[in-house]
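Trainee: Here it is, the structure, as structure tokens.
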Protein chains: 2
Amino acid sequence: MNKTKKVVYMALALLTTLALGTGCSPEKPTPVKTVEIPDGTIDPALWGKAYPVEYDMWKSTGDPTPVGKSKYKKGNDGGVTYDKLSEYPFLALLFNGWGFGVEYNEPRGHLNMLKDQSLVDPSRLKSGGVCLTCKTPYVPQLVKRMGKDYFSEPYMKVLAEIPKEHQELGVACIDCHDNKDMSPKISREFTLGTALKKMGVDESKLTNQDKRTLVCAQCHVSYNIPKDADMKSQDVFFPWDESQWGHIPVENIIKKIRSNPAYGEWKQSVTGFKLAFMRHPEFEMYSNNSVHWQAGVSCADCHMPYTRVGSQKASDHRVMSPLKNDMKACQQCHTETPDWLKAQVFAIQDRAASLFIRTGYATATVAKLLEMTHKAQAEGKVIDQALYDQAKDQYLEAFYRVLFFGAENSVGFHNPTEAMRILGDAALHAGQADALLRQALTAAGVTVPINIDLELSKYTDNRGVKKLMFRPDQELKDPFPTK
Amino acid sequence: MNKTKKVVYMALALLTTLALGTGCSPEKPTPVKTVEIPDGTIDPALWGKAYPVEYDMWKSTGDPTPVGKSKYKKGNDGGVTYDKLSEYPFLALLFNGWGFGVEYNEPRGHLNMLKDQSLVDPSRLKSGGVCLTCKTPYVPQLVKRMGKDYFSEPYMKVLAEIPKEHQELGVACIDCHDNKDMSPKISREFTLGTALKKMGVDESKLTNQDKRTLVCAQCHVSYNIPKDADMKSQDVFFPWDESQWGHIPVENIIKKIRSNPAYGEWKQSVTGFKLAFMRHPEFEMYSNNSVHWQAGVSCADCHMPYTRVGSQKASDHRVMSPLKNDMKACQQCHTETPDWLKAQVFAIQDRAASLFIRTGYATATVAKLLEMTHKAQAEGKVIDQALYDQAKDQYLEAFYRVLFFGAENSVGFHNPTEAMRILGDAALHAGQADALLRQALTAAGVTVPINIDLELSKYTDNRGVKKLMFRPDQELKDPFPTK
């Protein structure tokens, strides 16, 4: 270093020291805590004072989603309500007999979830207070306060236990966050906590990344509501017995829900069978050896990607499909263009949707054959018991698989080959049931037509108090039409 | 720059100039052409003089492949011959009636392909000279010289047209390369060239990367051999009518091969049906909107990855599954560990294999029901024609899909969801066929047992001149066993 340079450096060092206003090392800045969130705070507006960016995003989950970006999951696109029973008419037949067969809409976002319950046909709320389990942040205290009554008391009665101003408040900050440090936190110990324990998962050993999935898995799972002799709800549980972390296959779930008549929640009108049900098994499907799960990707990574708001980086609390967000989430890891990425998602979903639709109709056909069988029995015809028993068993295996895929909200994307395996097995079971029933009916002297009339309009039209009708414009057609 | 430094730089510059032995810019090195390969050279040893590294690799395709690396495609692992009819016993039933049902081994590498034909049961060579189409580099000249006779004359007679020393020479350099510049070159204009033309593909516009796939697609495709009234082979063609580049779906192939009785190559003994056949549709499966195809990946990228031999970089001419090469090919693009990558391949293949096995047995069961139906007819029982026709149609749709998947050499990996879609549809068709046949048989007064005895040993044992037996140690069991 030459002499002139040395002088300049020394002068700069001095100036820097002076500018900092102290002769020694600078004081460390401490973050200004503008708002403390007291324990047990439910009101999201109070959390929003500390986290206004996330709060605004969360509120925007109630906004209509952009039109034309998702092909199969249009929930709230352009503010339109999508009728799942018009999208897949065979579901109207299969679900006829209870609320899901009356009004079954695509979800309209976290903010609207409780409001949507007030709008849906009342038949959907017959299970009682238990229906609130995922819909309001007040549930943990309701369960504590009301005990068993929380599950069995009428829906409106339990809803009235929630402070008036929050009777339309959907899932909120406290459902997923620790109020002290905002880390993800399980609030539903009585459902998810219990289910994890059953699988031997030690909650204290979960990583932050695990929890970025598990806060979602509090609700985005299948669950069952055991009933007493009077069909009053007794509890709500996740059927994860005999399963393990990362491996909750449909086979184990079906085995569990078929193991106890108390898990029968409704009577399928076409067959007269008392059946269990399945709801949105996103976590089960995704965590069962999917490629993204194996890559360590959490739900939040794809559905709540980091985004920039002004100078801030925040996890996007407007939770939605990456398809509706122009594949921004995907691009965190994948370098391809959004259009290319989207084409890959559609390639998977088209194939899965096709097999779902075909298998769905095959299963609905079996339901009609069972109806025909029961009618024949009522008329005094003798149906071979062994054929019938086996056919019924095969039908149930098919039905629950179709139900599982149809309730899962990714149209196969969360776990493509597993989804297709499940549908393929459903097709095989439906085929066996169809075969044995045709044999039994024919043996009993009943003439079975080659093509079974599903009488779809009987199930798709005039549904519930609103007299809902089939909406042909909403039907999702087989993307691989046969000529 | 100070004075001392300047002097040092000038001295270095001078020394460099002197070392290069010239005062001006150095002469450009020209590659030494040690060997010129004359047009039409078939002998790989001559090509090997110019390209010894690739030549040695090509020769090593005849070596036994490493044991325990692939789960479902064990061809030549440890030098053992794997019997596909023992791996999937239902195929023995379905293929009974011609060569594929007698001896059907997993392939043992490019070097062995013609040798393998000399070892296989003679029933496999009944189609005649046409069987040599992919097996010897002499084919283009044989076709030119012999015309139609090439296809129809007995295999041994056509084989004798090949120079003695090359009668065991499998696919060689000239099959895929231009002798001038080594660029990939289509040698089978009469098969692939014709098929591409049918789809409107302009060969002159193909990229190098396209050709790195198409040289493989000369043979790794499904093809058919139309017969005359005496069942003499007339031609060989790819059933790509009505298809497009990047979209040759199984539906189009089935439509084509079912369109003309002349495409019936054999009689399935269980059903008595004259059927067409399908062979290894790797190109069709892969190019039909698979994710790797859409990413621009060619066959050679995965099966002939660039590798280092001494100081040279060469495309690995020991063509094989990336699984057997510890996923080196995959790691060109994917940063994960070989074990992780392998687990993803197996996750896909396990699910596909499971659905294949289940659907295969379902289809074999239908074949037995058809056998039962034909027996009943022979005994004078009246089978409803409409039920029978529909059942037969459904059976054929199922059979060709099972055949397509089973012949494709990636166990689903080349296009996972497409493979599963095909199998799912096969399951639906098999179910329909089963149902209608049980109905028809029952109506005709035939008692059909719930479980159909497939009499597998009848088909797996005592096959051909070698009296081949079922090898239980080679059976590939359903990776998702039902309890």
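By convention here, the chains of the structure tokens are called A, B, ... in the order presented, each chain's residues are numbered starting at 1, and ligands are numbered starting at 1 in the order presented.
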Would you pick out the contacts of Ile253 in chain B at 7 Å or less, using only C-alpha atoms, so that residues sharing its chain but fewer than 4 positions from it are not included, and give the list as a ChimeraX atom specification?

Mentor: /B:239-240,249,257

Trainee: If DSSP is run on the backbone, what residues of range 82-294 of chain B are alpha helix (DSSP H)? A reply as a ChimeraX atom specification would be ideal.

Mentor: /B:84-87,89-95,113-119,139-146,149-152,155-159,173-176,194-198,208-217,250-257,282-287,291-294

Trainee: Select all residues from chain A having any atom no more than 8 Å from an atom of chain B (counting only C-alpha atoms, ignoring ligands), output as an mmCIF file with C-alpha atoms, in the first residue's frame.

Mentor:
data_model
loop_
_atom_site.group_PDB
_atom_site.id
_atom_site.type_symbol
_atom_site.label_atom_id
_atom_site.label_comp_id
_atom_site.auth_asym_id
_atom_site.auth_seq_id
_atom_site.Cartn_x
_atom_site.Cartn_y
_atom_site.Cartn_z
ATOM 1 C CA ASN A 289 -44.334 -42.230 -1.046
ATOM 2 C CA VAL A 291 -42.072 -37.947 -5.255
ATOM 3 C CA GLN A 344 -47.150 -31.638 -17.066
ATOM 4 C CA ALA A 347 -50.974 -34.536 -18.482
ATOM 5 C CA ILE A 348 -51.225 -36.250 -15.102
ATOM 6 C CA ARG A 351 -55.201 -39.347 -17.230
ATOM 7 C CA ALA A 352 -56.310 -39.541 -13.622
ATOM 8 C CA SER A 354 -60.304 -40.134 -17.222
ATOM 9 C CA LEU A 355 -59.775 -43.234 -15.120
ATOM 10 C CA ARG A 358 -64.660 -44.371 -16.146
ATOM 11 C CA THR A 359 -64.250 -46.208 -12.860
ATOM 12 C CA ALA A 362 -68.463 -48.622 -13.555
ATOM 13 C CA LEU A 387 -72.287 -64.686 -5.147
ATOM 14 C CA PRO A 416 -49.824 -39.674 -9.590
ATOM 15 C CA THR A 417 -49.021 -43.371 -9.782
ATOM 16 C CA GLU A 418 -50.494 -44.102 -6.360
ATOM 17 C CA MET A 420 -53.830 -44.405 -10.595
ATOM 18 C CA ARG A 421 -53.076 -47.618 -8.724
ATOM 19 C CA LEU A 423 -58.333 -46.264 -9.387
ATOM 20 C CA GLY A 424 -57.053 -49.321 -11.243
ATOM 21 C CA ASP A 425 -57.846 -51.484 -8.245
ATOM 22 C CA ALA A 427 -61.874 -50.798 -11.646
ATOM 23 C CA LEU A 428 -60.939 -54.416 -10.929
ATOM 24 C CA ALA A 430 -66.101 -52.992 -9.743
ATOM 25 C CA GLY A 431 -65.662 -55.441 -12.604
ATOM 26 C CA GLN A 432 -65.776 -58.411 -10.229
ATOM 27 C CA ASP A 434 -70.601 -56.473 -11.829
ATOM 28 C CA ALA A 435 -69.740 -59.983 -13.006
ATOM 29 C CA LEU A 436 -70.991 -61.791 -9.915
ATOM 30 C CA ARG A 438 -75.053 -60.436 -13.408
ATOM 31 C CA GLN A 439 -74.472 -64.098 -12.747
ATOM 32 C CA THR A 442 -79.458 -64.307 -14.310
ATOM 33 C CA ALA A 443 -79.474 -67.451 -12.194
ATOM 34 C CA ILE A 450 -76.212 -55.176 -21.410
#

Trainee: Could you give me, as a ChimeraX atom specification, the residues within 10 Å of range 133-145 of chain A, counting only C-alpha atoms and dropping anything in the same chain fewer than 6 positions from it?

Mentor: /A:40,42-44,110-117,151,158-159,161-163,166-176,187-191,218-220,236

Trainee: Using only C-alpha atoms, which protein or nucleic acid residues come within 12 Å of Tyr88 in chain B? Drop anything in the same chain fewer than 3 positions from it, and give the result as a VMD selection string.

Mentor: chain B and resid 72 82 to 85 91 to 95 101 104 to 106 353 to 354 356 to 361 364 402 to 403 406 to 407 456 459 to 460 470 to 478

Trainee: Please give the complete set of residues from range 75-316 of chain B that DSSP, run on the backbone, assigns to strand (DSSP E), formatted as a VMD selection string.

Mentor: chain B and resid 266 to 267 274 to 275 306 to 309 312 to 315

Trainee: Give me, please, the distance in Å between CA of Val309 in chain B and CA of Arg108 in chain B, quoted to one decimal.

Mentor: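 Result for CA of Val309 in chain B versus CA of Arg108 in chain B: 23.8 Å, one decimal.
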
Trainee: Would you compute the distance between CA of Phe346 in chain A and CA of Phe413 in chain A? Give it in Å to one decimal.

Mentor: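 Straight-line distance from CA of Phe346 in chain A to CA of Phe413 in chain A works out to 8.8 Å.
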
Trainee: Would you pick out the contacts of Phe238 in chain A at 9 Å or less, using only C-alpha atoms, so that residues sharing its chain but fewer than 4 positions from it are not included, and give the list as a list in words?

Mentor: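 Everything that qualifies: Thr191, Leu192, Thr194, Ala195, Val221, Ser222, Tyr223, Asn224 and Ile253 of chain A.
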
Trainee: Would you write out those residues with C-alpha atoms, as a CSV table (one decimal), in the first residue's frame?

Mentor:
chain,number,residue,atom,x,y,z
A,191,THR,CA,-57.8,-35.4,16.2
A,192,LEU,CA,-54.4,-35.2,14.6
A,194,THR,CA,-54.3,-38.7,18.7
A,195,ALA,CA,-53.8,-40.1,15.2
A,221,VAL,CA,-57.2,-35.7,5.8
A,222,SER,CA,-60.0,-38.2,5.8
A,223,TYR,CA,-61.8,-38.6,9.1
A,224,ASN,CA,-64.7,-40.6,10.4
A,253,ILE,CA,-58.1,-46.9,5.8

Trainee: What does the distance between CA of Phe273 in chain A and CA of Asn96 in chain A come to in Å, to one decimal place?

Mentor: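 According to the coordinates, CA of Phe273 in chain A and CA of Asn96 in chain A are separated by 11.3 Å.
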
Trainee: Can you tell me which residues surround Ser152 in chain A at a distance of at most 6 Å, considering only C-alpha atoms, apart from same-chain residues fewer than 2 positions away, and format the answer as a list in words?

Mentor: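 Contacts, with the query itself left out: Gly128, Asp149, Tyr150, Lys232 and Ser233 of chain A.
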